[in-house]
$ cat target_17.txt   # compact mmCIF, C-alpha atoms and all ligand atoms
# COMPACT_ATOMS: atom_id res chain seq x y z
CA MET F 568 -142.37 -38.65 -102.17
CA HIS F 569 -146.11 -38.15 -102.27
CA GLU F 570 -146.10 -35.30 -104.76
CA LEU F 571 -147.20 -37.57 -107.60
CA SER F 572 -150.38 -38.64 -105.86
CA ILE F 573 -151.16 -35.02 -105.02
CA VAL F 574 -150.58 -34.06 -108.63
CA ALA F 575 -152.98 -36.84 -109.68
CA ASP F 576 -155.68 -35.27 -107.49
CA LEU F 577 -154.80 -31.86 -108.94
CA PHE F 578 -155.38 -33.15 -112.46
CA THR F 579 -158.77 -34.53 -111.51
CA ILE F 580 -159.76 -30.97 -110.54
CA ILE F 581 -158.09 -29.45 -113.63
CA GLU F 582 -159.92 -31.79 -116.02
CA GLU F 583 -163.24 -31.15 -114.30
CA LYS F 584 -162.88 -27.35 -114.32
CA ALA F 585 -161.59 -27.33 -117.90
CA GLN F 586 -164.58 -29.32 -119.04
CA GLN F 587 -167.01 -27.04 -117.21
CA ALA F 588 -165.43 -24.01 -118.85
CA LYS F 589 -165.48 -25.76 -122.25
CA ALA F 590 -161.72 -25.37 -122.57
CA THR F 591 -159.90 -26.89 -125.50
CA ARG F 592 -156.62 -26.52 -123.70
CA VAL F 593 -155.22 -25.47 -120.35
CA THR F 594 -152.20 -23.21 -120.79
CA ARG F 595 -151.35 -22.17 -117.25
CA VAL F 596 -151.95 -23.66 -113.83
CA LYS F 597 -151.40 -21.70 -110.65
CA VAL F 598 -151.17 -23.47 -107.32
CA LEU F 599 -150.70 -22.24 -103.77
CA ILE F 600 -148.40 -24.41 -101.71
CA GLY F 601 -148.29 -23.97 -97.95
CA GLU F 602 -144.80 -23.78 -96.49
CA LEU F 603 -145.77 -26.54 -94.08
CA SER F 604 -147.85 -28.61 -96.46
CA GLY F 605 -145.16 -31.25 -96.72
CA VAL F 606 -144.89 -30.69 -100.46
CA VAL F 607 -141.46 -30.07 -101.93
CA PRO F 608 -141.96 -27.51 -104.73
CA GLU F 609 -139.28 -28.97 -106.98
CA LEU F 610 -140.69 -32.48 -106.70
CA PHE F 611 -144.17 -31.09 -107.28
CA ARG F 612 -142.95 -29.36 -110.44
CA SER F 613 -141.36 -32.46 -111.88
CA ALA F 614 -144.38 -34.58 -110.98
CA PHE F 615 -146.63 -32.01 -112.67
CA HIS F 616 -144.64 -32.00 -115.90
CA SER F 617 -144.46 -35.76 -116.13
CA TYR F 618 -148.15 -36.17 -115.33
CA LYS F 619 -149.43 -33.54 -117.77
CA LYS F 620 -148.46 -35.53 -120.89
CA GLY F 621 -151.52 -36.59 -122.81
CA THR F 622 -153.90 -34.49 -120.70
CA ILE F 623 -155.73 -31.29 -121.57
CA ALA F 624 -152.93 -29.44 -119.82
CA ASP F 625 -150.30 -31.04 -122.06
CA LYS F 626 -148.45 -27.77 -122.68
CA ALA F 627 -149.38 -25.96 -119.51
CA ARG F 628 -147.00 -23.84 -117.52
CA LEU F 629 -147.00 -24.33 -113.78
CA GLU F 630 -146.87 -21.41 -111.39
CA MET F 631 -146.34 -22.07 -107.72
CA LYS F 632 -146.84 -19.57 -104.97
CA ILE F 633 -145.58 -20.57 -101.57
CA THR F 634 -147.95 -19.44 -98.84
CA LYS F 635 -146.42 -18.46 -95.55
CA ILE F 636 -146.99 -19.91 -92.16
CA LYS F 637 -149.38 -17.89 -90.04
CA PHE F 638 -150.45 -18.45 -86.45
CA LYS F 639 -153.27 -16.99 -84.45
CA CYS F 640 -152.86 -16.29 -80.76
CA HIS F 641 -155.90 -17.34 -78.76
CA SER F 642 -154.88 -15.20 -75.81
CA CYS F 643 -154.52 -11.77 -77.39
CA GLY F 644 -156.16 -12.53 -80.72
CA LYS F 645 -153.24 -11.29 -82.83
CA GLU F 646 -152.02 -12.88 -86.02
CA ILE F 647 -148.44 -14.13 -85.97
CA LYS F 648 -146.35 -14.59 -89.07
CA ALA F 649 -143.40 -16.83 -88.47
CA LYS F 650 -140.79 -16.55 -91.16
CA ASP F 651 -139.06 -19.79 -90.57
CA ILE F 652 -140.46 -22.62 -88.58
CA SER F 653 -137.23 -24.62 -88.58
CA SER F 654 -135.08 -21.77 -87.30
CA PRO F 655 -133.69 -22.92 -83.96
CA ASP F 656 -134.84 -19.83 -82.07
CA PHE F 657 -138.43 -19.93 -83.21
CA SER F 658 -140.38 -20.65 -80.07
CA TYR F 659 -144.03 -21.09 -81.10
CA ALA F 660 -145.01 -18.55 -78.52
CA CYS F 661 -146.88 -15.34 -79.21
CA PRO F 662 -144.35 -12.52 -79.65
CA PHE F 663 -146.94 -10.01 -78.44
CA CYS F 664 -148.15 -11.56 -75.20
CA GLY F 665 -145.97 -14.63 -74.70
CA SER F 666 -148.85 -17.09 -74.69
CA LYS F 667 -148.25 -20.61 -75.97
CA ASP F 668 -151.88 -20.97 -76.94
CA VAL F 669 -151.16 -20.35 -80.60
CA GLU F 670 -152.70 -22.21 -83.51
CA LEU F 671 -151.45 -22.65 -87.03
CA VAL F 672 -154.08 -21.09 -89.30
CA SER F 673 -152.33 -21.08 -92.64
CA GLY F 674 -149.35 -22.69 -94.25
CA ARG F 675 -150.60 -26.27 -94.47
CA ASP F 676 -152.91 -25.78 -97.42
CA LEU F 677 -152.60 -26.84 -101.04
CA TYR F 678 -154.84 -24.94 -103.41
CA LEU F 679 -155.46 -24.81 -107.11
CA GLU F 680 -155.88 -21.06 -107.43
CA LYS F 681 -156.58 -20.54 -111.10
CA LEU F 682 -156.26 -21.85 -114.63
CA GLU F 683 -155.61 -20.11 -117.88
CA ILE F 684 -157.53 -21.84 -120.63
CA GLU F 685 -158.15 -21.61 -124.34
CA THR F 686 -161.60 -21.95 -125.78
CA SER F 687 -162.41 -21.86 -129.45
CA MET W 1228 -161.24 -20.47 -135.63
CA GLU W 1229 -159.82 -17.81 -133.33
CA LYS W 1230 -158.58 -19.10 -130.02
CA VAL W 1231 -159.79 -17.25 -126.95
CA LYS W 1232 -157.67 -17.21 -123.82
CA LYS W 1233 -159.19 -16.64 -120.46
CA GLU W 1234 -158.55 -17.13 -116.77
CA VAL W 1235 -160.70 -19.31 -114.59
CA LEU W 1236 -160.55 -18.73 -110.86
CA VAL W 1237 -160.80 -22.09 -109.10
CA LEU W 1238 -159.59 -21.85 -105.48
CA GLU W 1239 -160.09 -25.50 -104.74
CA ASP W 1240 -158.33 -27.57 -102.11
CA ILE W 1241 -156.14 -30.08 -103.96
CA LEU W 1242 -156.46 -32.56 -101.12
CA GLY W 1243 -160.20 -31.92 -101.00
CA SER W 1244 -161.14 -35.34 -102.36
CA ASN W 1245 -159.01 -37.05 -99.70
CA LYS W 1246 -160.55 -34.86 -97.01
CA LYS W 1247 -164.06 -35.61 -98.25
CA ILE W 1248 -163.50 -39.39 -98.14
CA ALA W 1249 -161.78 -39.07 -94.76
CA GLY W 1250 -164.78 -37.12 -93.50
CA ALA W 1251 -167.14 -39.89 -94.59
CA ILE W 1252 -164.96 -42.52 -92.91
CA ARG W 1253 -164.79 -40.46 -89.71
CA LYS W 1254 -168.57 -40.11 -89.63
CA LYS W 1255 -169.11 -43.87 -90.06
CA LEU W 1256 -166.56 -44.71 -87.37
CA LEU W 1257 -168.04 -42.28 -84.89
CA GLU W 1258 -171.56 -43.55 -85.56
CA SER W 1259 -170.36 -47.09 -84.93
CA GLY W 1260 -168.61 -45.97 -81.75
CA ILE W 1261 -165.19 -47.05 -83.00
CA LEU W 1262 -162.10 -45.19 -81.87
CA ALA W 1263 -159.63 -45.13 -84.76
CA VAL W 1264 -155.95 -44.42 -84.17
CA ASN W 1265 -153.52 -43.57 -86.98
CA LEU W 1266 -149.88 -44.38 -86.12
CA LEU W 1267 -147.11 -42.42 -87.81
CA SER W 1268 -143.36 -42.83 -87.57
CA SER W 1269 -140.19 -43.55 -89.50
CA PRO W 1270 -139.57 -47.17 -90.54
CA GLY W 1271 -138.64 -49.29 -87.57
CA SER W 1272 -139.62 -46.91 -84.76
CA GLY W 1273 -141.75 -49.65 -83.27
CA LYS W 1274 -145.30 -49.13 -84.55
CA THR W 1275 -146.12 -52.82 -85.00
CA THR W 1276 -144.41 -53.73 -81.76
CA LEU W 1277 -146.40 -51.11 -79.85
CA LEU W 1278 -149.59 -52.40 -81.44
CA GLU W 1279 -148.72 -55.95 -80.38
CA LYS W 1280 -148.17 -54.83 -76.78
CA LEU W 1281 -151.33 -52.70 -76.63
CA SER W 1282 -153.37 -55.48 -78.23
CA LEU W 1283 -152.26 -58.06 -75.68
CA LYS W 1284 -153.49 -55.79 -72.89
CA LEU W 1285 -156.76 -54.79 -74.56
CA LYS W 1286 -157.89 -57.84 -76.49
CA ASP W 1287 -159.65 -59.67 -73.67
CA ARG W 1288 -161.93 -56.74 -72.92
CA TYR W 1289 -162.32 -55.07 -76.32
CA GLN W 1290 -162.87 -55.91 -79.97
CA LEU W 1291 -159.79 -54.82 -81.88
CA GLY W 1292 -158.96 -54.50 -85.54
CA VAL W 1293 -155.79 -53.41 -87.27
CA ILE W 1294 -155.18 -51.96 -90.71
CA GLU W 1295 -151.58 -52.32 -91.81
CA GLY W 1296 -150.17 -49.97 -94.42
CA ASP W 1297 -146.97 -51.05 -96.10
CA ILE W 1298 -145.35 -50.49 -99.45
CA GLU W 1299 -145.05 -54.24 -99.97
CA THR W 1300 -145.61 -57.52 -98.04
CA GLU W 1301 -148.19 -58.80 -95.55
CA ARG W 1302 -145.59 -59.19 -92.80
CA ASP W 1303 -147.00 -56.71 -90.32
CA ALA W 1304 -150.57 -57.97 -90.82
CA GLU W 1305 -149.34 -61.52 -90.18
CA ARG W 1306 -147.71 -60.42 -86.92
CA ILE W 1307 -151.06 -59.05 -85.75
CA ARG W 1308 -153.03 -62.10 -86.98
CA SER W 1309 -150.71 -64.39 -85.05
CA LEU W 1310 -152.15 -62.76 -81.91
CA GLY W 1311 -155.58 -63.93 -83.02
CA LEU W 1312 -156.71 -60.48 -84.12
CA PRO W 1313 -158.19 -59.40 -87.45
CA ALA W 1314 -155.75 -57.44 -89.60
CA TRP W 1315 -156.23 -56.01 -93.07
CA GLN W 1316 -153.15 -55.27 -95.11
CA ILE W 1317 -153.08 -52.39 -97.55
CA THR W 1318 -150.04 -52.58 -99.80
CA THR W 1319 -149.45 -49.27 -101.53
CA HIS W 1320 -147.01 -50.60 -104.16
CA GLY W 1321 -144.65 -47.68 -103.94
CA ALA W 1322 -146.75 -44.95 -102.34
CA CYS W 1323 -145.13 -43.66 -99.17
CA HIS W 1324 -148.35 -43.03 -97.22
CA LEU W 1325 -151.93 -44.22 -96.80
CA GLU W 1326 -154.76 -42.19 -98.31
CA ALA W 1327 -158.39 -42.16 -97.32
CA LYS W 1328 -159.46 -43.75 -100.60
CA MET W 1329 -157.24 -46.78 -99.91
CA LEU W 1330 -159.11 -47.23 -96.63
CA ALA W 1331 -162.45 -46.67 -98.28
CA ARG W 1332 -161.76 -49.68 -100.54
CA ILE W 1333 -161.50 -52.09 -97.63
CA PHE W 1334 -163.91 -50.31 -95.32
CA ASP W 1335 -166.82 -52.70 -95.91
CA TRP W 1336 -164.80 -55.56 -94.43
CA ILE W 1337 -164.35 -53.82 -91.13
CA PRO W 1338 -166.90 -55.05 -88.60
CA ALA W 1339 -169.06 -52.31 -87.10
CA ASP W 1340 -168.80 -53.82 -83.61
CA LEU W 1341 -165.13 -52.99 -83.11
CA ASP W 1342 -164.06 -50.87 -80.17
CA PHE W 1343 -160.63 -49.87 -81.40
CA LEU W 1344 -159.35 -49.69 -84.97
CA PHE W 1345 -155.62 -49.18 -85.23
CA ILE W 1346 -154.18 -47.98 -88.51
CA GLU W 1347 -150.45 -48.44 -88.91
CA ASN W 1348 -149.32 -46.04 -91.60
CA VAL W 1349 -146.43 -46.66 -93.99
CA GLY W 1350 -143.11 -46.10 -92.20
CA ASN W 1351 -142.37 -42.46 -93.02
CA LEU W 1352 -142.32 -39.43 -90.74
CA VAL W 1353 -143.10 -36.94 -93.50
CA CYS W 1354 -145.70 -37.77 -96.11
CA PRO W 1355 -148.43 -39.56 -94.07
CA ALA W 1356 -148.89 -36.36 -92.06
CA SER W 1357 -150.58 -34.69 -95.04
CA PHE W 1358 -153.35 -37.27 -95.38
CA ASP W 1359 -156.33 -37.40 -93.08
CA LEU W 1360 -157.65 -40.96 -92.85
CA GLY W 1361 -160.72 -40.16 -90.79
CA GLU W 1362 -159.05 -41.21 -87.54
CA SER W 1363 -160.02 -39.86 -84.13
CA LEU W 1364 -156.48 -39.82 -82.83
CA ARG W 1365 -153.11 -39.56 -84.46
CA PHE W 1366 -150.05 -40.95 -82.70
CA VAL W 1367 -146.56 -39.92 -83.72
CA LEU W 1368 -143.82 -42.27 -82.55
CA LEU W 1369 -140.15 -41.45 -82.20
CA SER W 1370 -137.70 -44.08 -81.02
CA VAL W 1371 -134.70 -43.33 -78.85
CA PRO W 1372 -132.12 -44.41 -81.51
CA GLU W 1373 -133.51 -41.82 -83.93
CA GLY W 1374 -132.31 -38.89 -81.85
CA ASP W 1375 -133.97 -36.19 -79.78
CA ASP W 1376 -133.79 -33.41 -82.38
CA LYS W 1377 -136.62 -34.61 -84.58
CA PRO W 1378 -139.79 -32.67 -83.67
CA LYS W 1379 -138.71 -29.38 -85.23
CA LYS W 1380 -137.15 -31.18 -88.19
CA TYR W 1381 -140.41 -32.95 -88.99
CA PRO W 1382 -142.93 -30.48 -87.62
CA GLU W 1383 -146.00 -31.52 -89.59
CA ALA W 1384 -146.20 -34.97 -88.02
CA PHE W 1385 -146.05 -33.40 -84.55
CA ILE W 1386 -148.44 -30.55 -85.33
CA THR W 1387 -151.13 -32.86 -86.68
CA SER W 1388 -150.90 -35.50 -83.91
CA GLN W 1389 -152.62 -35.58 -80.53
CA VAL W 1390 -150.26 -38.11 -78.96
CA PHE W 1391 -146.48 -38.36 -78.97
CA VAL W 1392 -144.93 -41.70 -77.98
CA ILE W 1393 -141.22 -41.97 -77.26
CA THR W 1394 -140.48 -45.62 -77.95
CA LYS W 1395 -137.57 -47.93 -77.06
CA CYS W 1396 -136.92 -46.14 -73.75
CA ASP W 1397 -135.06 -49.24 -72.54
CA LEU W 1398 -132.21 -47.97 -74.78
CA LEU W 1399 -131.87 -44.64 -72.93
CA PRO W 1400 -128.86 -45.79 -70.86
CA TYR W 1401 -126.90 -46.47 -74.05
CA LEU W 1402 -127.71 -43.46 -76.20
CA PRO W 1403 -127.47 -39.69 -75.88
CA PHE W 1404 -131.20 -38.95 -75.93
CA ASP W 1405 -132.78 -36.38 -73.65
CA THR W 1406 -136.47 -37.19 -73.15
CA ASP W 1407 -137.08 -33.85 -71.39
CA ARG W 1408 -135.61 -31.94 -74.29
CA VAL W 1409 -137.56 -33.84 -76.93
CA THR W 1410 -140.77 -33.46 -74.92
CA ALA W 1411 -140.26 -29.71 -74.51
CA GLU W 1412 -139.54 -29.30 -78.20
CA ALA W 1413 -142.61 -31.29 -79.23
CA LEU W 1414 -144.80 -29.29 -76.84
CA GLU W 1415 -143.45 -26.05 -78.27
CA ILE W 1416 -144.71 -27.06 -81.68
CA ASN W 1417 -147.94 -28.50 -80.36
CA PRO W 1418 -148.79 -27.67 -76.74
CA LYS W 1419 -151.79 -30.02 -76.76
CA LEU W 1420 -149.78 -33.22 -77.29
CA GLU W 1421 -150.13 -36.02 -74.74
CA VAL W 1422 -146.68 -37.53 -74.26
CA PHE W 1423 -145.90 -41.14 -73.32
CA ARG W 1424 -142.62 -42.96 -72.82
CA THR W 1425 -142.69 -46.64 -73.68
CA SER W 1426 -140.57 -49.73 -73.93
CA ALA W 1427 -141.77 -52.92 -75.51
CA LEU W 1428 -139.05 -54.77 -73.62
CA THR W 1429 -139.82 -53.63 -70.09
CA GLY W 1430 -143.49 -52.85 -70.69
CA GLU W 1431 -143.03 -49.24 -69.53
CA GLY W 1432 -145.86 -46.94 -70.58
CA ILE W 1433 -148.07 -49.60 -72.17
CA GLU W 1434 -150.62 -49.59 -69.35
CA ALA W 1435 -150.73 -45.77 -69.40
CA ILE W 1436 -151.55 -45.70 -73.10
CA CYS W 1437 -154.26 -48.34 -72.64
CA THR W 1438 -155.86 -46.27 -69.88
CA PHE W 1439 -155.70 -43.18 -72.09
CA LEU W 1440 -157.30 -45.05 -75.01
CA GLU W 1441 -160.08 -46.41 -72.82
CA LYS W 1442 -160.81 -42.90 -71.59
CA LYS W 1443 -160.93 -41.61 -75.18
CA LEU W 1444 -163.28 -44.43 -76.19
CA GLN W 1445 -165.63 -43.54 -73.33
CA GLU W 1446 -165.58 -39.87 -74.36
CA LEU W 1447 -166.37 -40.78 -77.96
CA ARG W 1448 -169.31 -42.96 -76.91
CA ALA W 1449 -170.58 -40.36 -74.45
CA LYS W 1450 -170.91 -37.97 -77.40
CA ASN W 1451 -172.97 -40.56 -79.28
CA ALA W 1452 -175.29 -41.28 -76.36
N1 LIG G 1501 -135.02 -52.16 -77.67
C1 LIG G 1501 -136.24 -52.05 -78.18
N2 LIG G 1501 -136.49 -52.46 -79.45
C2 LIG G 1501 -137.73 -52.31 -79.93
C3 LIG G 1501 -138.78 -51.75 -79.16
N3 LIG G 1501 -139.90 -51.70 -79.93
C4 LIG G 1501 -139.56 -52.24 -81.12
N4 LIG G 1501 -138.24 -52.63 -81.12
C5 LIG G 1501 -137.53 -53.26 -82.23
O1 LIG G 1501 -137.44 -52.34 -83.31
C6 LIG G 1501 -137.54 -53.04 -84.55
C7 LIG G 1501 -138.62 -52.45 -85.42
O2 LIG G 1501 -139.88 -52.59 -84.78
P1 LIG G 1501 -141.26 -52.59 -85.58
O3 LIG G 1501 -142.33 -52.64 -84.56
O4 LIG G 1501 -141.26 -53.63 -86.63
O5 LIG G 1501 -141.21 -51.16 -86.26
P2 LIG G 1501 -142.27 -50.51 -87.28
O6 LIG G 1501 -142.35 -49.06 -86.91
O7 LIG G 1501 -143.54 -51.26 -87.25
O8 LIG G 1501 -141.53 -50.67 -88.68
P3 LIG G 1501 -142.16 -50.50 -90.16
O9 LIG G 1501 -143.52 -51.12 -90.15
O10 LIG G 1501 -141.20 -51.22 -91.02
O11 LIG G 1501 -142.19 -49.03 -90.41
C8 LIG G 1501 -137.79 -54.50 -84.20
O12 LIG G 1501 -136.58 -55.18 -84.28
C9 LIG G 1501 -138.27 -54.43 -82.77
O13 LIG G 1501 -138.01 -55.58 -82.05
C10 LIG G 1501 -138.48 -51.34 -77.82
O14 LIG G 1501 -139.33 -50.82 -77.07
N5 LIG G 1501 -137.20 -51.50 -77.39
MG MG G 1502 -144.60 -52.10 -88.84
ZN ZN G 1503 -150.81 -13.20 -77.97
$ encode --input "target_17.txt" --output "structure tokens"
Amino acid sequence: MHELSIVADLFTIIEEKAQQAKATRVTRVKVLIGELSGVVPELFRSAFHSYKKGTIADKARLEMKITKIKFKCHSCGKEIKAKDISSPDFSYACPFCGSKDVELVSGRDLYLEKLEIETS
Amino acid sequence: MEKVKKEVLVLEDILGSNKKIAGAIRKKLLESGILAVNLLSSPGSGKTTLLEKLSLKLKDRYQLGVIEGDIETERDAERIRSLGLPAWQITTHGACHLEAKMLARIFDWIPADLDFLFIENVGNLVCPASFDLGESLRFVLLSVPEGDDKPKKYPEAFITSQVFVITKCDLLPYLPFDTDRVTAEALEINPKLEVFRTSALTGEGIEAICTFLEKKLQELRAKNA
């Protein structure tokens, strides 16, 4: 359960950006969570709502968008979208050319995409 | 006064601060010519035991140091110290993984003349995978009693590692564990993995890992030269 420490880092960024934008309040927070980031969305949500108390994002809503796993094939150069990495038949090989020289290019990231703020 | 609502586009990596600190640690280690190895596995897979065995083989020829990450207690650090090696314990008090900033706090104590710095992460096959510590190599360990179906169940640990160690191979005669199957599955997820089979009881595989580590240390220093 490392969601709380990730949320703590998230709030460091939120407070910094809110201050730069002279926000009096943050009302919405949108994050992008990679399918393979190791973050469990439900745990992230509960960590967010317990952490936000007493911060500038006290009443903020949290929006999470799960970003899909994407591979790139180094043999044929094509992009591969794998729907489900834990499906038993997923083989980590390029469906176009069969090469195993594929690299995960997205799906591990955790991003703060945007904030909705109030200024007065 | 009228409140004004607006959207601020941020697009910032939430783990960016960890990555930044890890980057600084990596730079310092490389400059000092230290090969750092981060060991990941579930509790009890044999991380400390493997470190003990590797240390006994390496300690006469190399300067070694060990960072021990645990939720509580100094037990693992004491096991390493009893071999006459320096060990620094990081107790996370609840956190299930090490983060780069925890390392940064003790970094000044680590002598710059080390050859190898081993970092034993908190026993957990999931969370530590998300946190770069600035290591050169990441080892994922899986012990025979845990079962051979784990790589695809815990893919991140296998994707982010360079070395996969199957530990407790002395137990293979007693348990249904197929090392070929587990190796194939791990290589499907990450074709670049180096795979070793070890046993702390029989000593299997320990020499092979030492040879591999020595080669990696030479490569690291060749880059510096
Ligand atoms: N049979 C057998 N037992 C082993 C081997 N390696 C370790 N063990 C035993 O497994 C148990 C756990 O080993 P540790 O090295 O403490 O495991 P760890 O991964 O460091 O555990 P945590 O630090 O608690 O996560 C101990 O009882 C060891 O003696 C091995 O190669 N074969
Ligand atoms: Mg241990
Ligand atoms: Zn291809």
$ atom_distance --input "target_17.txt" --atom1 "CA of Leu1277 (chain W)" --atom2 "CA of Arg1302 (chain W)"
15.3 Å
$ closest_atom_pairs --input "target_17.txt" --of "chain W" --to "ligand LIG 1501 (chain G)" --cutoff "9 Å" --atoms "only C-alpha atoms and all ligand atoms" --output "tab-separated table"
residue	atom	partner	partner_atom	distance
W:Leu1266	CA	G:LIG1501	O6	8.9
W:Leu1267	CA	G:LIG1501	O6	8.2
W:Ser1268	CA	G:LIG1501	O6	6.3
W:Ser1269	CA	G:LIG1501	O11	5.9
W:Pro1270	CA	G:LIG1501	O11	3.2
W:Gly1271	CA	G:LIG1501	O8	3.4
W:Ser1272	CA	G:LIG1501	O6	4.1
W:Gly1273	CA	G:LIG1501	O3	3.3
W:Lys1274	CA	G:LIG1501	O6	3.8
W:Thr1275	CA	G:LIG1501	O7	3.8
W:Thr1276	CA	G:LIG1501	O3	3.7
W:Leu1277	CA	G:LIG1501	O3	6.4
W:Leu1278	CA	G:LIG1501	O3	7.9
W:Glu1279	CA	G:LIG1501	O3	8.3
W:Glu1295	CA	G:LIG1501	O9	8.3
W:Gly1296	CA	G:LIG1501	O9	8.0
W:Asp1297	CA	G:LIG1501	O9	6.9
W:Arg1302	CA	G:LIG1501	O9	8.7
W:Asp1303	CA	G:LIG1501	O9	6.6
W:Glu1347	CA	G:LIG1501	O9	7.5
W:Asn1348	CA	G:LIG1501	O11	7.8
W:Val1349	CA	G:LIG1501	O11	6.0
W:Gly1350	CA	G:LIG1501	O11	3.6
W:Asn1351	CA	G:LIG1501	O11	7.1
W:Leu1368	CA	G:LIG1501	O6	8.2
W:Ser1370	CA	G:LIG1501	C3	8.0
W:Val1371	CA	G:LIG1501	N5	8.7
W:Thr1394	CA	G:LIG1501	O14	5.4
W:Lys1395	CA	G:LIG1501	O14	3.4
W:Cys1396	CA	G:LIG1501	O14	6.2
W:Asp1397	CA	G:LIG1501	N5	5.8
W:Leu1398	CA	G:LIG1501	N1	5.8
W:Thr1425	CA	G:LIG1501	O14	6.3
W:Ser1426	CA	G:LIG1501	O14	3.5
W:Ala1427	CA	G:LIG1501	O14	3.6
W:Leu1428	CA	G:LIG1501	O14	5.3
W:Thr1429	CA	G:LIG1501	O14	7.5
W:Gly1430	CA	G:LIG1501	O14	7.9
W:Glu1431	CA	G:LIG1501	O14	8.5
$ closest_residue --input "target_17.txt" --among "W:Cys1323, W:Leu1312, W:Val1367, W:Ile1317" --to "chain F" --atoms "all atoms listed in the file"
W:Cys1323
$ residues_near_ligand --input "target_17.txt" --ligand "ligand ZN 1503 (chain G)" --cutoff "8 Å" --atoms "all atoms listed in the file" --output "count of residues only"
16
$ atom_distance --input "target_17.txt" --atom1 "CA of Cys1354 (chain W)" --atom2 "CA of Phe638 (chain F)"
22.1 Å
$ atom_distance --input "target_17.txt" --atom1 "CA of Ala588 (chain F)" --atom2 "CA of Gly601 (chain F)"
27.0 Å
$ closest_residue --input "target_17.txt" --among "W:Ile1307, W:Leu1285, W:Ile1386, W:Leu1238" --to "ligand MG 1502 (chain G)" --atoms "only C-alpha atoms and all ligand atoms"
W:Ile1307
$ axis_aligned_box --input "target_17.txt" --around "region 569-573 of chain F" --padding-each-side "8 Å" --output "JSON"
{"center_x": -148.6, "center_y": -36.8, "center_z": -104.9, "size_x": 21.1, "size_y": 19.6, "size_z": 21.3}
$ residues_around --input "target_17.txt" --residues "region 1240-1250 of chain W" --least-positions-apart "3" --cutoff "7 Å" --atoms "only C-alpha atoms" --output "ChimeraX atom specification"
/F:576-577,677-679 /W:1253-1254,1326-1328,1359-1361
$ interface_residues --input "target_17.txt" --of "chain F" --to "chain W" --cutoff "10 Å" --atoms "only C-alpha atoms" --output "PyMOL selection string"
chain F and resi 568-581+584-585+588+590-600+603-606+652-655+657-660+667-671+675-687
